[in-house]
Number of protein chains: 2
Amino acid sequence: MSGVKLIKIKEEILADNRGLADKTRKRLADSGTLMLNLMASPGGGKTSLILQTIARLGDAIRIGVIEADLDSTVDSDKIATVGVPAVQIETGGFCHVDAAMVDRALESLDLERIDLVIVENVGNLVCPAQSDTGAHANVVILSVPEGDDKPLKYPTMFTVAHAVVVNKIDYTEIADFDRAAFRERVAPLNPDAPVFELSCTTGAGVDPWIAWVQGRLHTIGKRA
Amino acid sequence: MSGVKLIKIKEEILADNRGLADKTRKRLADSGTLMLNLMASPGGGKTSLILQTIARLGDAIRIGVIEADLDSTVDSDKIATVGVPAVQIETGGFCHVDAAMVDRALESLDLERIDLVIVENVGNLVCPAQSDTGAHANVVILSVPEGDDKPLKYPTMFTVAHAVVVNKIDYTEIADFDRAAFRERVAPLNPDAPVFELSCTTGAGVDPWIAWVQGRLHTIGKRA
């Protein structure tokens with residue numbers, strides 16, 4: 001197997017994926033639906049941020065969730081308990097969500113009745129960064145116990161993000177996490193992305209995140 | 001691009017990789033060198049466990065480290081400060097270490113003078129589980145803040161492990177982590193792997209881990 005052949009195959013797959021992602025993005029915008037793609041390490045807080053967002057915005061707008069997991073329905077079961085439509089993608093060991101998987105999952109949601117779709121990607125700080133899901137914005141969540149050096153080690157993830165969430169700030173007492181150093185490491189990779197420091201457990205700092213989601217909803221003509 | 005073709009390519013790559021990994025494993029055993037492959041999420045504690053292992057065994061045996069990262073030398077710099085030879089693999093965005101990368105990195109270590117090689121895989125709880133590095137044993141580290149449900153969500157990683165380390169047990173005060181539930185979730189995936197609960201920060205619980213490493217060293221005729 002030559003390296004050149006492998007690279008060519010990868011480029012073909014990525015180009016196909018991008019084409020489908022662009023179509024999805026346009027189709028959703030036309031139907032007045034915003035889609036966000038949440039990415040994080042395992043246990044970073046993707047499901048918790050979705051639950052916080054539903055708790056704060058669920059009365060004002062209609063939300064749908066696409067949950068991706070290798071082989072379980074742990075997260076979609078949690079979402080279903082709060083009465084929001086949740087579609088499960090089981091990737092069968094695959095390490096990230098691509099545009100085709102999202103396209104198929106969207107068939108199970110009534111988009112005419114949904115203002116915001118949140119995709120919870122596979123817990124992985126590497127591979128999801130390389131695959132366009134068709135979302136209008138990418139959000140990366142880093143949790144405090146993971147450490148402030150992660151932008152140095154997983155730069156692509158921080159480069160493709162439209163917003164950066166630092167979750168579990170209630171751990172800063174016990175974890176050695178330098179918030180200023182973290183921001184300094186994100187800035188050269190992504191000078192435009194806002195950084196939200198919050199705790200999905202205590203609710204501290206969640207308001208500015210919600211305001212950002214509301215701002216993104218306005219860009220496709222929605223009010224929340 | 002047909003799905004069948006893609007699957008065939010993946011199978012060919014995995015078979016090639018397994019062949020090389022088997023050769024590496026035999027070559028290392030012949031030279032009396034044990035190799036361990038550490039896997040974890042970003043920030044799970046791979047580098048910290050290596051530093052603890054060096055601190056406890058570094059006087060008795062000769063250790064070498066292979067550090068893998070997408071695009072930085074953050075971890076190998078830390079290892080170098082304790083005077084242990086460290087080789088950096090920069091994967092260029094690739095999500096895990098394969099046998100070819102390890103084979104090349106081993107060229108930079110004087111194996112006649114090394115008893116134990118520790119490979120720090122890319123921080124990722126998905127992809128590294130699918131690729132044999134040539135190590136004699138796989139170790140998965142899960143940190144308490146990630147949550148006790150992770151065996152349900154990342155089963156392959158817990159299936160391929162020869163030992164499971166629960167790191168950051170000093171976080172159990174603040175994190176909602178059920179140790180018994182975690183063990184119950186690991187058991188059906190992997191009834192044989194020992195589970196070590198420890199804190200690389202405080203040093204609590206590290207001794208049984210060290211005893212396990214010593215046991216593995218004995219299997220290739222080394223005493224530590």
# chains A, B, ... in the order shown; residues from 1 in each chain; ligands from 1
call {"tool": "residues_around", "arguments": {"residues": "region 22-33 of chain A", "least_positions_apart": "4", "cutoff": "9 Å", "atoms": "only C-alpha atoms", "output": "list in words"}}
result
Asn17, Arg18, Ala99, Val102, Asp103, Leu111, Glu112, Arg113, Ile114, Asp115, Leu116, Val117, Asp132, Thr133, Gly134, Ala135, His136, Leu217, Ile220, Gly221 and Lys222 of chain A
call {"tool": "residues_around", "arguments": {"residues": "Ser131 (chain B)", "least_positions_apart": "2", "cutoff": "6 Å", "atoms": "only C-alpha atoms", "output": "PyMOL selection string"}}
result
chain B and resi 98+128-129
call {"tool": "atom_distance", "arguments": {"atom1": "CA of Ala204 (chain A)", "atom2": "CA of Leu125 (chain B)"}}
result
28.6 Å
call {"tool": "interface_residues", "arguments": {"of": "chain B", "to": "chain A", "cutoff": "8 Å", "atoms": "only C-alpha atoms", "output": "count of residues only"}}
result
30
call {"tool": "atom_distance", "arguments": {"atom1": "CA of Ala181 (chain A)", "atom2": "CA of His162 (chain A)"}}
result
19.6 Å
call {"tool": "atom_distance", "arguments": {"atom1": "CA of Ser199 (chain B)", "atom2": "CA of Leu49 (chain B)"}}
result
8.8 Å
call {"tool": "closest_residue", "arguments": {"among": "B:Val65, B:Leu57, B:Ala21, B:Val206", "to": "Asn167 (chain B)", "atoms": "only C-alpha atoms"}}
result
B:Val206
call {"tool": "select_by_dssp", "arguments": {"residues": "region 117-189 of chain A", "states": "strand (DSSP E)", "output": "list in words"}}
result
Val117, Ile118, Val119, Glu120, Ala137, Asn138, Val139, Val140, Ile141, Leu142, Ser143, Ala163, Val164, Val165, Val166 and Asn167 of chain A
call {"tool": "residues_around", "arguments": {"residues": "Lys46 (chain B)", "least_positions_apart": "6", "cutoff": "8 Å", "atoms": "only C-alpha atoms", "output": "VMD selection string"}}
result
chain B and resid 38 to 40 120 141
call {"tool": "write_last_selection", "arguments": {"atoms": "N, CA and C atoms", "output": "mmCIF file, in the first residue's frame"}}
result
data_model
loop_
_atom_site.group_PDB
_atom_site.id
_atom_site.type_symbol
_atom_site.label_atom_id
_atom_site.label_comp_id
_atom_site.auth_asym_id
_atom_site.auth_seq_id
_atom_site.Cartn_x
_atom_site.Cartn_y
_atom_site.Cartn_z
ATOM 1 N N LEU B 38 0.935 2.888 26.796
ATOM 2 C CA LEU B 38 -0.029 3.607 27.654
ATOM 3 C C LEU B 38 -1.012 4.392 26.805
ATOM 4 N N MET B 39 -2.287 4.192 27.079
ATOM 5 C CA MET B 39 -3.337 4.886 26.333
ATOM 6 C C MET B 39 -4.296 5.570 27.304
ATOM 7 N N ALA B 40 -4.795 6.722 26.917
ATOM 8 C CA ALA B 40 -5.736 7.475 27.758
ATOM 9 C C ALA B 40 -6.300 8.636 26.960
ATOM 10 N N GLU B 120 4.064 6.336 25.156
ATOM 11 C CA GLU B 120 2.889 7.162 25.459
ATOM 12 C C GLU B 120 2.163 7.428 24.159
ATOM 13 N N ILE B 141 -5.471 4.133 30.915
ATOM 14 C CA ILE B 141 -5.660 4.974 32.094
ATOM 15 C C ILE B 141 -6.964 5.729 31.912
#
call {"tool": "decode", "arguments": {"residues": "region 67-151 of chain B", "atoms": "C-alpha atoms", "output": "PDB file, in the first residue's frame"}}
result
ATOM      1  CA  GLU B  67       6.328  10.014  23.323  1.00  0.00           C
ATOM      2  CA  ALA B  68       3.714  10.498  20.621  1.00  0.00           C
ATOM      3  CA  ASP B  69       2.020  13.773  19.978  1.00  0.00           C
ATOM      4  CA  LEU B  70       0.234  15.370  17.062  1.00  0.00           C
ATOM      5  CA  ASP B  71       2.480  18.352  16.850  1.00  0.00           C
ATOM      6  CA  SER B  72       4.446  19.199  19.999  1.00  0.00           C
ATOM      7  CA  THR B  73       7.272  18.092  22.284  1.00  0.00           C
ATOM      8  CA  VAL B  74       5.551  19.146  25.544  1.00  0.00           C
ATOM      9  CA  ASP B  75       5.685  15.640  27.052  1.00  0.00           C
ATOM     10  CA  SER B  76       9.109  14.499  25.858  1.00  0.00           C
ATOM     11  CA  ASP B  77      10.530  17.738  27.271  1.00  0.00           C
ATOM     12  CA  LYS B  78       9.074  16.762  30.679  1.00  0.00           C
ATOM     13  CA  ILE B  79      10.576  13.258  30.460  1.00  0.00           C
ATOM     14  CA  ALA B  80      13.974  14.601  29.409  1.00  0.00           C
ATOM     15  CA  THR B  81      14.155  16.719  32.584  1.00  0.00           C
ATOM     16  CA  VAL B  82      14.375  13.524  34.678  1.00  0.00           C
ATOM     17  CA  GLY B  83      17.325  12.243  32.675  1.00  0.00           C
ATOM     18  CA  VAL B  84      15.604   9.380  30.834  1.00  0.00           C
ATOM     19  CA  PRO B  85      16.069   8.946  27.076  1.00  0.00           C
ATOM     20  CA  ALA B  86      12.896  10.101  25.318  1.00  0.00           C
ATOM     21  CA  VAL B  87      12.130   9.839  21.614  1.00  0.00           C
ATOM     22  CA  GLN B  88       9.415  12.046  20.177  1.00  0.00           C
ATOM     23  CA  ILE B  89       7.043  10.829  17.470  1.00  0.00           C
ATOM     24  CA  GLU B  90       5.191  13.747  15.882  1.00  0.00           C
ATOM     25  CA  THR B  91       2.264  12.113  14.138  1.00  0.00           C
ATOM     26  CA  GLY B  92       1.382  15.190  12.078  1.00  0.00           C
ATOM     27  CA  GLY B  93      -2.261  15.132  13.105  1.00  0.00           C
ATOM     28  CA  PHE B  94      -2.543  11.328  12.954  1.00  0.00           C
ATOM     29  CA  CYS B  95      -4.749  10.014  15.759  1.00  0.00           C
ATOM     30  CA  HIS B  96      -2.742   7.067  17.087  1.00  0.00           C
ATOM     31  CA  VAL B  97       0.612   5.330  17.027  1.00  0.00           C
ATOM     32  CA  ASP B  98       1.125   2.331  14.750  1.00  0.00           C
ATOM     33  CA  ALA B  99       3.798  -0.364  14.685  1.00  0.00           C
ATOM     34  CA  ALA B 100       5.801   1.388  11.935  1.00  0.00           C
ATOM     35  CA  MET B 101       6.097   4.607  13.951  1.00  0.00           C
ATOM     36  CA  VAL B 102       7.248   2.678  17.016  1.00  0.00           C
ATOM     37  CA  ASP B 103       9.687   0.619  14.926  1.00  0.00           C
ATOM     38  CA  ARG B 104      11.281   3.820  13.669  1.00  0.00           C
ATOM     39  CA  ALA B 105      11.374   5.429  17.117  1.00  0.00           C
ATOM     40  CA  LEU B 106      13.066   2.321  18.569  1.00  0.00           C
ATOM     41  CA  GLU B 107      16.016   2.938  16.218  1.00  0.00           C
ATOM     42  CA  SER B 108      16.851   5.970  18.355  1.00  0.00           C
ATOM     43  CA  LEU B 109      17.043   3.923  21.574  1.00  0.00           C
ATOM     44  CA  ASP B 110      19.983   1.699  22.513  1.00  0.00           C
ATOM     45  CA  LEU B 111      17.914  -1.394  23.333  1.00  0.00           C
ATOM     46  CA  GLU B 112      20.923  -3.328  24.676  1.00  0.00           C
ATOM     47  CA  ARG B 113      20.963  -0.765  27.478  1.00  0.00           C
ATOM     48  CA  ILE B 114      17.217  -0.508  28.098  1.00  0.00           C
ATOM     49  CA  ASP B 115      15.051  -2.879  30.173  1.00  0.00           C
ATOM     50  CA  LEU B 116      11.721  -1.125  29.816  1.00  0.00           C
ATOM     51  CA  VAL B 117      10.330   1.008  26.993  1.00  0.00           C
ATOM     52  CA  ILE B 118       7.143   2.917  27.725  1.00  0.00           C
ATOM     53  CA  VAL B 119       5.158   4.217  24.752  1.00  0.00           C
ATOM     54  CA  GLU B 120       2.889   7.162  25.459  1.00  0.00           C
ATOM     55  CA  ASN B 121       0.245   6.925  22.758  1.00  0.00           C
ATOM     56  CA  VAL B 122      -1.715   9.910  21.382  1.00  0.00           C
ATOM     57  CA  GLY B 123      -4.324  11.161  23.868  1.00  0.00           C
ATOM     58  CA  ASN B 124      -7.381   9.393  22.475  1.00  0.00           C
ATOM     59  CA  LEU B 125      -9.684   6.740  23.937  1.00  0.00           C
ATOM     60  CA  VAL B 126     -10.814   5.481  20.521  1.00  0.00           C
ATOM     61  CA  CYS B 127      -8.266   4.980  17.727  1.00  0.00           C
ATOM     62  CA  PRO B 128      -5.196   3.701  19.642  1.00  0.00           C
ATOM     63  CA  ALA B 129      -7.258   0.675  20.725  1.00  0.00           C
ATOM     64  CA  GLN B 130      -7.441  -0.482  17.108  1.00  0.00           C
ATOM     65  CA  SER B 131      -3.737  -0.477  16.288  1.00  0.00           C
ATOM     66  CA  ASP B 132      -1.102  -2.866  17.651  1.00  0.00           C
ATOM     67  CA  THR B 133       2.093  -0.961  18.527  1.00  0.00           C
ATOM     68  CA  GLY B 134       4.260  -4.023  19.144  1.00  0.00           C
ATOM     69  CA  ALA B 135       4.126  -3.553  22.911  1.00  0.00           C
ATOM     70  CA  HIS B 136       3.981  -6.611  25.197  1.00  0.00           C
ATOM     71  CA  ALA B 137       1.122  -5.099  27.172  1.00  0.00           C
ATOM     72  CA  ASN B 138      -1.476  -2.369  26.757  1.00  0.00           C
ATOM     73  CA  VAL B 139      -2.419  -0.148  29.670  1.00  0.00           C
ATOM     74  CA  VAL B 140      -5.471   2.103  29.645  1.00  0.00           C
ATOM     75  CA  ILE B 141      -5.660   4.974  32.094  1.00  0.00           C
ATOM     76  CA  LEU B 142      -9.016   6.518  32.926  1.00  0.00           C
ATOM     77  CA  SER B 143      -9.066   9.593  35.147  1.00  0.00           C
ATOM     78  CA  VAL B 144     -11.803  10.075  37.731  1.00  0.00           C
ATOM     79  CA  PRO B 145     -13.155  13.376  36.293  1.00  0.00           C
ATOM     80  CA  GLU B 146     -13.952  11.594  33.014  1.00  0.00           C
ATOM     81  CA  GLY B 147     -16.689   9.583  34.703  1.00  0.00           C
ATOM     82  CA  ASP B 148     -17.424   5.959  35.600  1.00  0.00           C
ATOM     83  CA  ASP B 149     -19.531   5.322  32.460  1.00  0.00           C
ATOM     84  CA  LYS B 150     -16.586   5.311  30.049  1.00  0.00           C
ATOM     85  CA  PRO B 151     -16.264   1.502  29.672  1.00  0.00           C
TER      86      PRO B 151
END
